[in-house]
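Enquirer: See coords-v4.txt below, with compact mmCIF, C-alpha atoms.
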```
# COMPACT_ATOMS: atom_id res chain seq x y z
CA GLY E 49 0.00 0.00 0.00
CA ASN E 50 2.62 2.60 -0.96
CA PRO E 51 0.63 5.74 -1.91
CA GLU E 52 3.65 7.29 -3.66
CA ARG E 53 3.74 4.87 -6.54
CA ALA E 54 1.07 3.47 -8.80
CA ARG E 55 0.90 -0.27 -8.23
CA GLU E 56 -0.64 -3.16 -10.04
CA GLY E 57 -2.13 -6.08 -8.20
CA ARG E 58 -1.48 -9.64 -9.18
CA GLY E 59 -4.00 -12.38 -9.80
CA GLU E 60 -5.68 -14.46 -12.43
CA ARG E 61 -6.82 -11.19 -13.98
CA GLU E 62 -4.66 -8.11 -13.87
CA ARG E 63 -6.19 -5.49 -11.60
CA LYS E 64 -5.19 -2.07 -10.44
CA GLU E 65 -6.20 0.17 -7.57
CA LEU E 66 -6.30 3.82 -8.50
CA GLN E 67 -3.22 4.81 -6.55
CA LEU E 68 -1.54 7.93 -7.82
CA GLY E 69 2.21 8.30 -8.03
CA ASP E 70 5.01 9.11 -10.42
CA ARG E 71 3.47 7.21 -13.32
CA MET E 72 -0.07 6.45 -14.38
CA THR E 73 -1.69 4.74 -17.32
CA SER E 74 -2.97 6.94 -20.11
CA ARG E 75 -5.96 4.78 -20.99
CA PHE E 76 -8.31 2.78 -18.84
CA ILE E 77 -11.04 0.32 -19.59
CA LEU E 78 -13.32 0.05 -16.57
CA ARG E 79 -14.43 -3.51 -16.06
CA PHE E 80 -16.76 -4.44 -13.26
CA GLY E 81 -15.83 -7.70 -11.69
CA ILE E 82 -14.85 -9.36 -8.50
CA SER E 83 -11.23 -9.39 -7.42
CA ASN E 84 -9.87 -12.81 -6.71
CA GLY E 85 -8.81 -12.22 -3.12
CA LEU E 86 -11.34 -12.53 -0.30
CA THR E 87 -9.27 -10.42 2.04
CA PRO E 88 -11.45 -7.82 3.80
CA LYS E 89 -13.12 -8.94 7.01
CA LEU E 90 -15.31 -6.87 9.30
CA SER E 91 -16.13 -8.61 12.56
CA PHE E 92 -19.25 -8.03 14.63
CA GLY E 93 -18.87 -8.58 18.36
CA SER E 94 -15.66 -9.89 19.86
CA GLY E 95 -14.02 -13.06 21.05
CA PRO E 96 -15.72 -16.44 20.70
CA GLN E 97 -19.17 -14.83 20.86
CA ARG E 98 -18.71 -12.57 17.83
CA LYS E 99 -21.79 -12.64 15.65
CA GLY E 100 -20.25 -12.86 12.22
CA THR E 101 -17.66 -11.78 9.71
CA ILE E 102 -18.06 -9.71 6.57
CA LEU E 103 -15.88 -10.57 3.60
CA GLY E 104 -15.40 -7.82 1.01
CA ARG E 105 -14.45 -8.18 -2.62
CA GLY E 106 -13.26 -5.04 -4.41
CA TRP E 107 -14.01 -3.69 -7.85
CA PHE E 108 -11.05 -3.54 -10.17
CA PHE E 109 -10.13 -2.05 -13.50
CA THR E 110 -7.51 -3.04 -16.05
CA ARG E 111 -5.58 -1.17 -18.65
CA GLY E 112 -6.87 -1.36 -22.18
CA LYS E 113 -5.24 -1.90 -25.56
CA ASP E 114 -2.39 0.46 -24.70
CA ARG E 115 -1.34 -1.99 -22.00
CA GLY E 116 2.06 -0.92 -20.79
CA THR E 117 1.69 2.68 -21.96
CA THR E 118 2.25 5.18 -19.16
CA ARG E 119 2.03 8.90 -18.76
CA SER E 120 4.62 10.48 -16.52
CA PHE E 121 4.22 13.47 -14.27
CA SER E 122 6.97 15.99 -13.90
CA SER E 123 9.50 14.70 -11.39
CA THR E 124 8.94 17.82 -9.31
CA ILE E 125 5.74 19.64 -8.48
CA LYS E 126 5.20 23.05 -6.98
CA PRO E 127 4.96 23.31 -3.21
CA GLY E 128 1.36 23.12 -2.04
CA THR E 129 0.20 21.17 -5.09
CA MET E 130 -0.73 17.54 -5.66
CA LYS E 131 -1.21 15.07 -8.47
CA ALA E 132 -4.77 14.18 -9.45
CA LEU E 133 -6.61 12.30 -12.16
CA ALA E 134 -9.44 14.47 -13.51
CA ILE E 135 -11.89 14.54 -16.38
CA GLN E 136 -11.78 17.56 -18.68
CA SER E 137 -14.84 16.38 -20.63
CA PHE E 138 -17.39 13.58 -20.40
CA GLY E 139 -17.09 10.25 -22.17
CA ASP E 140 -14.99 7.10 -22.31
CA PRO E 141 -12.12 6.41 -19.88
CA ASP E 142 -9.78 8.30 -22.19
CA VAL E 143 -11.17 11.58 -20.78
CA PHE E 144 -9.11 11.06 -17.61
CA GLN E 145 -6.08 13.36 -17.60
CA PRO E 146 -3.32 13.84 -15.00
CA LEU E 147 -3.36 17.30 -13.44
CA GLU E 148 -1.32 19.22 -10.91
CA VAL E 149 -3.69 21.13 -8.63
CA ALA E 150 -3.58 22.87 -5.27
CA ILE E 151 -3.78 20.66 -2.19
CA PRO E 152 -7.19 21.36 -0.62
CA GLN E 153 -7.30 22.88 2.85
CA PRO E 154 -9.72 21.41 5.39
CA GLY E 155 -12.60 23.65 6.34
CA PRO E 156 -14.56 23.58 9.62
CA GLY E 157 -15.34 19.99 10.60
CA GLU E 158 -13.14 18.59 7.84
CA VAL E 159 -9.88 16.67 7.78
CA LEU E 160 -7.19 16.52 5.11
CA ILE E 161 -6.42 12.94 4.10
CA LYS E 162 -3.37 11.66 2.29
CA MET E 163 -4.88 9.05 -0.02
CA ALA E 164 -3.57 5.49 -0.08
CA ALA E 165 -6.22 3.82 -2.26
CA THR E 166 -9.69 4.31 -3.69
CA SER E 167 -12.23 2.31 -5.68
CA VAL E 168 -14.42 2.45 -8.78
CA ASN E 169 -18.19 2.36 -8.24
CA PRO E 170 -21.05 2.56 -10.78
CA ILE E 171 -21.75 6.17 -9.79
CA ASP E 172 -18.15 7.11 -10.63
CA ILE E 173 -18.62 5.73 -14.14
CA LYS E 174 -21.98 7.46 -14.59
CA CYS E 175 -20.42 10.79 -13.55
CA ARG E 176 -17.63 10.25 -16.04
CA LEU E 177 -19.93 9.38 -18.93
CA ALA E 178 -22.29 12.38 -18.84
CA PRO E 179 -23.03 15.52 -16.80
CA ARG E 180 -25.25 14.95 -13.80
CA PRO E 181 -26.66 17.23 -11.09
CA ILE E 182 -24.24 15.72 -8.56
CA THR E 183 -21.12 16.14 -10.74
CA ASN E 184 -18.66 18.93 -10.05
CA ASP E 185 -17.89 21.47 -12.76
CA LEU E 186 -15.11 20.48 -15.17
CA PRO E 187 -12.32 19.73 -14.73
CA ALA E 188 -13.69 17.34 -12.13
CA ILE E 189 -11.91 14.95 -9.81
CA LEU E 190 -14.12 11.90 -9.32
CA GLY E 191 -14.03 9.15 -6.72
CA CYS E 192 -16.31 8.53 -3.72
CA ASP E 193 -14.50 6.00 -1.55
CA VAL E 194 -11.62 7.13 0.64
CA SER E 195 -8.80 5.18 2.27
CA GLY E 196 -5.83 7.03 3.72
CA THR E 197 -4.25 8.87 6.62
CA VAL E 198 -5.34 12.09 8.33
CA VAL E 199 -2.59 14.70 7.95
CA LYS E 200 -4.40 17.90 9.03
CA LEU E 201 -7.49 18.85 11.02
CA GLY E 202 -9.85 21.68 10.23
CA SER E 203 -11.41 23.67 13.07
CA GLY E 204 -13.78 21.54 15.10
CA ALA E 205 -12.75 18.26 13.46
CA SER E 206 -11.16 17.01 16.67
CA SER E 207 -14.63 16.74 18.20
CA HIS E 208 -15.17 13.72 15.97
CA ALA E 209 -12.37 11.82 17.74
CA LEU E 210 -10.06 11.91 14.72
CA ARG E 211 -6.40 12.81 15.10
CA GLU E 212 -3.50 13.44 12.77
CA GLY E 213 -1.94 10.13 11.83
CA ASP E 214 -5.21 8.18 12.07
CA ARG E 215 -5.87 5.76 9.24
CA VAL E 216 -9.44 6.31 8.06
CA TYR E 217 -11.94 5.17 5.47
CA GLY E 218 -15.35 6.26 4.28
CA CYS E 219 -17.55 7.36 1.39
CA ALA E 220 -16.76 11.05 1.44
CA GLY E 221 -16.02 12.53 -1.97
CA GLY E 222 -16.57 12.77 -5.70
CA VAL E 223 -19.86 14.69 -5.84
CA ARG E 224 -20.81 18.35 -6.22
CA GLY E 225 -19.32 20.57 -3.57
CA VAL E 226 -16.60 18.19 -2.43
CA GLY E 227 -13.34 16.96 -3.91
CA GLY E 228 -12.81 13.49 -5.33
CA SER E 229 -10.62 10.65 -4.16
CA TYR E 230 -8.73 10.17 -7.44
CA ALA E 231 -5.98 12.40 -6.11
CA GLN E 232 -3.11 12.35 -3.63
CA TYR E 233 -5.12 14.33 -1.05
CA ILE E 234 -8.76 14.97 -0.27
CA SER E 235 -10.43 17.23 2.28
CA ALA E 236 -13.42 15.36 3.71
CA ASP E 237 -16.19 15.86 6.26
CA ALA E 238 -15.03 14.12 9.44
CA ARG E 239 -18.58 12.86 10.07
CA LEU E 240 -18.31 10.65 6.96
CA LEU E 241 -15.14 8.91 8.10
CA SER E 242 -14.32 6.11 10.48
CA PRO E 243 -11.02 4.84 11.87
CA ALA E 244 -9.89 1.88 9.75
CA PRO E 245 -9.40 -1.33 11.73
CA ASP E 246 -5.88 -2.72 11.76
CA PHE E 247 -6.91 -5.97 10.07
CA LEU E 248 -8.25 -4.13 7.03
CA GLY E 249 -5.61 -3.18 4.44
CA VAL E 250 -5.77 0.12 2.54
CA ARG E 251 -7.12 -1.54 -0.60
CA GLU E 252 -9.80 -3.46 1.26
CA ALA E 253 -10.77 -0.34 3.19
CA ALA E 254 -11.15 1.51 -0.12
CA ALA E 255 -13.45 -1.18 -1.54
CA MET E 256 -15.87 -1.27 1.41
CA PRO E 257 -17.58 2.09 2.14
CA LEU E 258 -20.14 2.88 -0.56
CA VAL E 259 -21.39 -0.67 -1.08
CA THR E 260 -21.44 -1.48 2.64
CA ILE E 261 -23.31 1.70 3.60
CA THR E 262 -25.89 1.01 0.88
CA ALA E 263 -26.42 -2.60 1.94
CA TRP E 264 -26.54 -1.75 5.65
CA GLU E 265 -29.06 1.08 5.31
CA GLY E 266 -31.33 -0.95 3.04
CA LEU E 267 -31.51 -3.90 5.40
CA GLU E 268 -31.80 -1.61 8.44
CA ARG E 269 -34.73 0.32 6.97
CA ALA E 270 -36.43 -2.92 5.94
CA GLY E 271 -36.13 -4.16 9.52
CA VAL E 272 -34.60 -7.51 8.58
CA LYS E 273 -34.66 -9.84 11.58
CA GLU E 274 -33.91 -13.39 12.54
CA GLY E 275 -35.94 -15.94 10.61
CA ASP E 276 -36.96 -13.59 7.78
CA LYS E 277 -36.88 -14.93 4.24
CA VAL E 278 -34.84 -12.27 2.42
CA LEU E 279 -34.42 -12.18 -1.37
CA ILE E 280 -31.35 -10.23 -2.48
CA HIS E 281 -31.11 -9.49 -6.20
CA GLY E 282 -27.64 -9.45 -7.76
CA GLY E 283 -25.93 -11.42 -5.00
CA ALA E 284 -22.54 -11.35 -6.71
CA GLY E 285 -22.62 -7.58 -7.25
CA GLY E 286 -20.98 -4.88 -5.18
CA VAL E 287 -23.92 -4.13 -2.88
CA GLY E 288 -25.42 -7.60 -3.16
CA HIS E 289 -22.39 -9.53 -1.95
CA ILE E 290 -22.24 -7.37 1.19
CA ALA E 291 -26.02 -7.54 1.71
CA ILE E 292 -25.90 -11.35 1.75
CA GLN E 293 -23.43 -11.31 4.62
CA LEU E 294 -25.20 -8.60 6.61
CA ALA E 295 -28.53 -10.40 6.28
CA LYS E 296 -26.90 -13.60 7.54
CA VAL E 297 -25.48 -11.71 10.53
CA ARG E 298 -29.08 -10.72 11.32
CA GLY E 299 -30.15 -14.36 11.24
CA ALA E 300 -32.15 -14.24 8.00
CA GLU E 301 -32.61 -17.07 5.52
CA VAL E 302 -31.01 -15.60 2.41
CA PHE E 303 -32.10 -16.20 -1.17
CA THR E 304 -30.27 -14.47 -4.00
CA THR E 305 -30.55 -14.12 -7.77
CA VAL E 306 -27.49 -14.47 -10.00
CA SER E 307 -26.84 -14.95 -13.71
CA SER E 308 -24.29 -17.79 -13.92
CA PRO E 309 -22.93 -20.87 -12.15
CA VAL E 310 -19.76 -18.94 -11.28
CA LYS E 311 -21.80 -16.27 -9.51
CA GLU E 312 -23.88 -18.94 -7.80
CA LYS E 313 -20.70 -20.24 -6.19
CA ILE E 314 -19.61 -16.74 -5.17
CA ALA E 315 -22.96 -16.10 -3.49
CA ALA E 316 -23.00 -19.49 -1.79
CA ASP E 317 -19.44 -19.03 -0.52
CA LEU E 318 -20.51 -15.72 1.02
CA GLY E 319 -23.34 -17.39 2.92
CA ALA E 320 -26.43 -17.39 0.70
CA ASP E 321 -28.72 -20.27 1.67
CA HIS E 322 -30.35 -20.48 -1.76
CA THR E 323 -29.13 -19.25 -5.17
CA ILE E 324 -31.46 -18.64 -8.11
CA ASN E 325 -30.17 -18.40 -11.67
CA TYR E 326 -32.73 -15.97 -13.07
CA ARG E 327 -31.79 -16.94 -16.64
CA ASN E 328 -33.19 -20.41 -16.03
CA VAL E 329 -36.27 -19.84 -13.85
CA GLY E 330 -39.04 -17.27 -13.80
CA VAL E 331 -40.05 -15.11 -10.84
CA ALA E 332 -43.41 -16.76 -10.26
CA ASP E 333 -41.81 -20.20 -10.40
CA TYR E 334 -39.13 -19.55 -7.81
CA VAL E 335 -41.51 -17.64 -5.51
CA ASN E 336 -43.86 -20.63 -5.55
CA GLU E 337 -41.07 -23.15 -5.12
CA MET E 338 -39.19 -21.39 -2.32
CA THR E 339 -42.00 -19.72 -0.36
CA GLY E 340 -45.01 -21.86 -1.22
CA GLY E 341 -46.46 -18.86 -3.01
CA ALA E 342 -46.47 -16.72 0.15
CA GLY E 343 -43.66 -14.44 -1.02
CA PHE E 344 -40.52 -13.23 0.71
CA ASP E 345 -40.53 -11.13 3.86
CA VAL E 346 -38.05 -8.68 2.33
CA VAL E 347 -36.89 -8.16 -1.25
CA PHE E 348 -33.64 -6.19 -1.62
CA ASP E 349 -33.21 -4.85 -5.15
```
Here is a file; write its structure as structure tokens.
Expert:
Amino acid sequence: GNPERAREGRGERERKELQLGDRMTSRFILRFGISNGLTPKLSFGSGPQRKGTILGRGWFFTRGKDRGTTRSFSSTIKPGTMKALAIQSFGDPDVFQPLEVAIPQPGPGEVLIKMAATSVNPIDIKCRLAPRPITNDLPAILGCDVSGTVVKLGSGASSHALREGDRVYGCAGGVRGVGGSYAQYISADARLLSPAPDFLGVREAAAMPLVTITAWEGLERAGVKEGDKVLIHGGAGGVGHIAIQLAKVRGAEVFTTVSSPVKEKIAADLGADHTINYRNVGVADYVNEMTGGAGFDVVFD
């Protein structure tokens, strides 16, 4: 997790966290998929009585046809500036351009974070493809998920129990009015951050926030409880694969829809009690088969 140099992961498929350093690729093809390593774990409770463990799989992206092509920054940058990856127009991944911009200063209730890693979520791609009400004016630095170290506190930020040197993570950037995480530094609202547990690496911490918050709030608002029959659509997706695990922690019987045998295995490995390949069976058929026609207590879509 060296934030000073762009790094490529290793695995059956080449992957790359968006870590900014002296060199960065000039073209990107964003591919949604599941990284091969099941490394992130979030534990609930402690000791032998802990209630469960959450495994997180991160999104990845690979370089396109210009594989191996890099774009270098100047070896020196002006004091008070940072390297960032921004879009100057909307469109394909080629619109990303390296920029040298001023390091943001934390305002009241904010902290300045030195970025270690970030992630790619569907909303990041949508904001890159076309202008949206939540997108910052161009040139825009995208990126919602944050993983890094607090290096400076704005006034009042200490009331949120954060200190300089703390390793933090959260979904705190990339939309109108705030900076994005595809940069070396980001100033973020301290209320949107949490100390990162020691057992969670910087990459895993970057992959967790947006999808985990979405899954947690959905299940919380639905009031999922022990014994509920919960249907989670897209169980191998970003939000879905977290929702399966959170629903299991709550004691639910989890059903999930997927589109292939490979994704069936992913969902089952994460704890789903029943997997449904929606390409092979219709909704009415699996509702009748699995609930006796009564329906599910909660459907998470």
Enquirer: Around stretch 272-286 of chain E, fit a box with edges along x, y and z, padding it by 3 Å on each side, then list its centre and edge lengths in Å to one decimal as AutoDock Vina command-line options.
Expert:
```
--center_x -29.0 --center_y -10.4 --center_z 2.4 --size_x 22.0 --size_y 17.1 --size_z 26.3
```
Enquirer: Give me the residues near stretch 292-305 of chain E as a ChimeraX atom specification, where near means some atom within 9 Å (using all atoms listed in the file) and where sequence neighbours in that chain fewer than 4 positions away do not count.
Expert: /E:92,99-103,260,263-264,267,272-284,287-288,312,315,318-326,338
Enquirer: Calculate how many Å separate atom CA of E:Pro245 from atom CA of E:Val259, rounding to one decimal.
Expert: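 According to the coordinates, atom CA of E:Pro245 and atom CA of E:Val259 are separated by 17.6 Å.
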Enquirer: Please identify all polymer residues within 6 Å of E:Lys162, counting all atoms listed in the file, omitting same-chain residues fewer than 6 positions from it, and present them as number ranges by chain.
Expert: E: 196-197, 232-233
Enquirer: Of the candidates E:Val310, E:Ile290, E:Ala150, E:Val346, which one gets nearest to E:Ile234 if we count only C-alpha atoms?
Expert: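 Nearest to E:Ile234: E:Ala150.
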Enquirer: Residues within 9 Å of E:Ala254, please, as a tab-separated table (two decimals) with C-alpha atoms, keeping the file's coordinate frame. Count only C-alpha atoms; anything in the same chain fewer than 2 positions from it doesn't count.
Expert:
```tsv
chain	number	residue	atom	x	y	z
E	106	GLY	CA	-13.26	-5.04	-4.41
E	164	ALA	CA	-3.57	5.49	-0.08
E	165	ALA	CA	-6.22	3.82	-2.26
E	166	THR	CA	-9.69	4.31	-3.69
E	167	SER	CA	-12.23	2.31	-5.68
E	193	ASP	CA	-14.50	6.00	-1.55
E	194	VAL	CA	-11.62	7.13	0.64
E	195	SER	CA	-8.80	5.18	2.27
E	196	GLY	CA	-5.83	7.03	3.72
E	217	TYR	CA	-11.94	5.17	5.47
E	218	GLY	CA	-15.35	6.26	4.28
E	219	CYS	CA	-17.55	7.36	1.39
E	249	GLY	CA	-5.61	-3.18	4.44
E	250	VAL	CA	-5.77	0.12	2.54
E	251	ARG	CA	-7.12	-1.54	-0.60
E	252	GLU	CA	-9.80	-3.46	1.26
E	256	MET	CA	-15.87	-1.27	1.41
E	257	PRO	CA	-17.58	2.09	2.14
```
Enquirer: Smallest atom-to-atom distance to E:Gly204: which of E:Gly221, E:Gly128, E:Gly343, E:Pro156, using all atoms listed in the file?
Expert: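 Smallest separation from E:Gly204 among the options: E:Pro156.
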Enquirer: Taking into account all atoms listed in the file, which residue in the set E:Leu248, E:Ala236, E:Val329, E:Ala291 is nearest to E:Val199?
Expert: E:Ala236
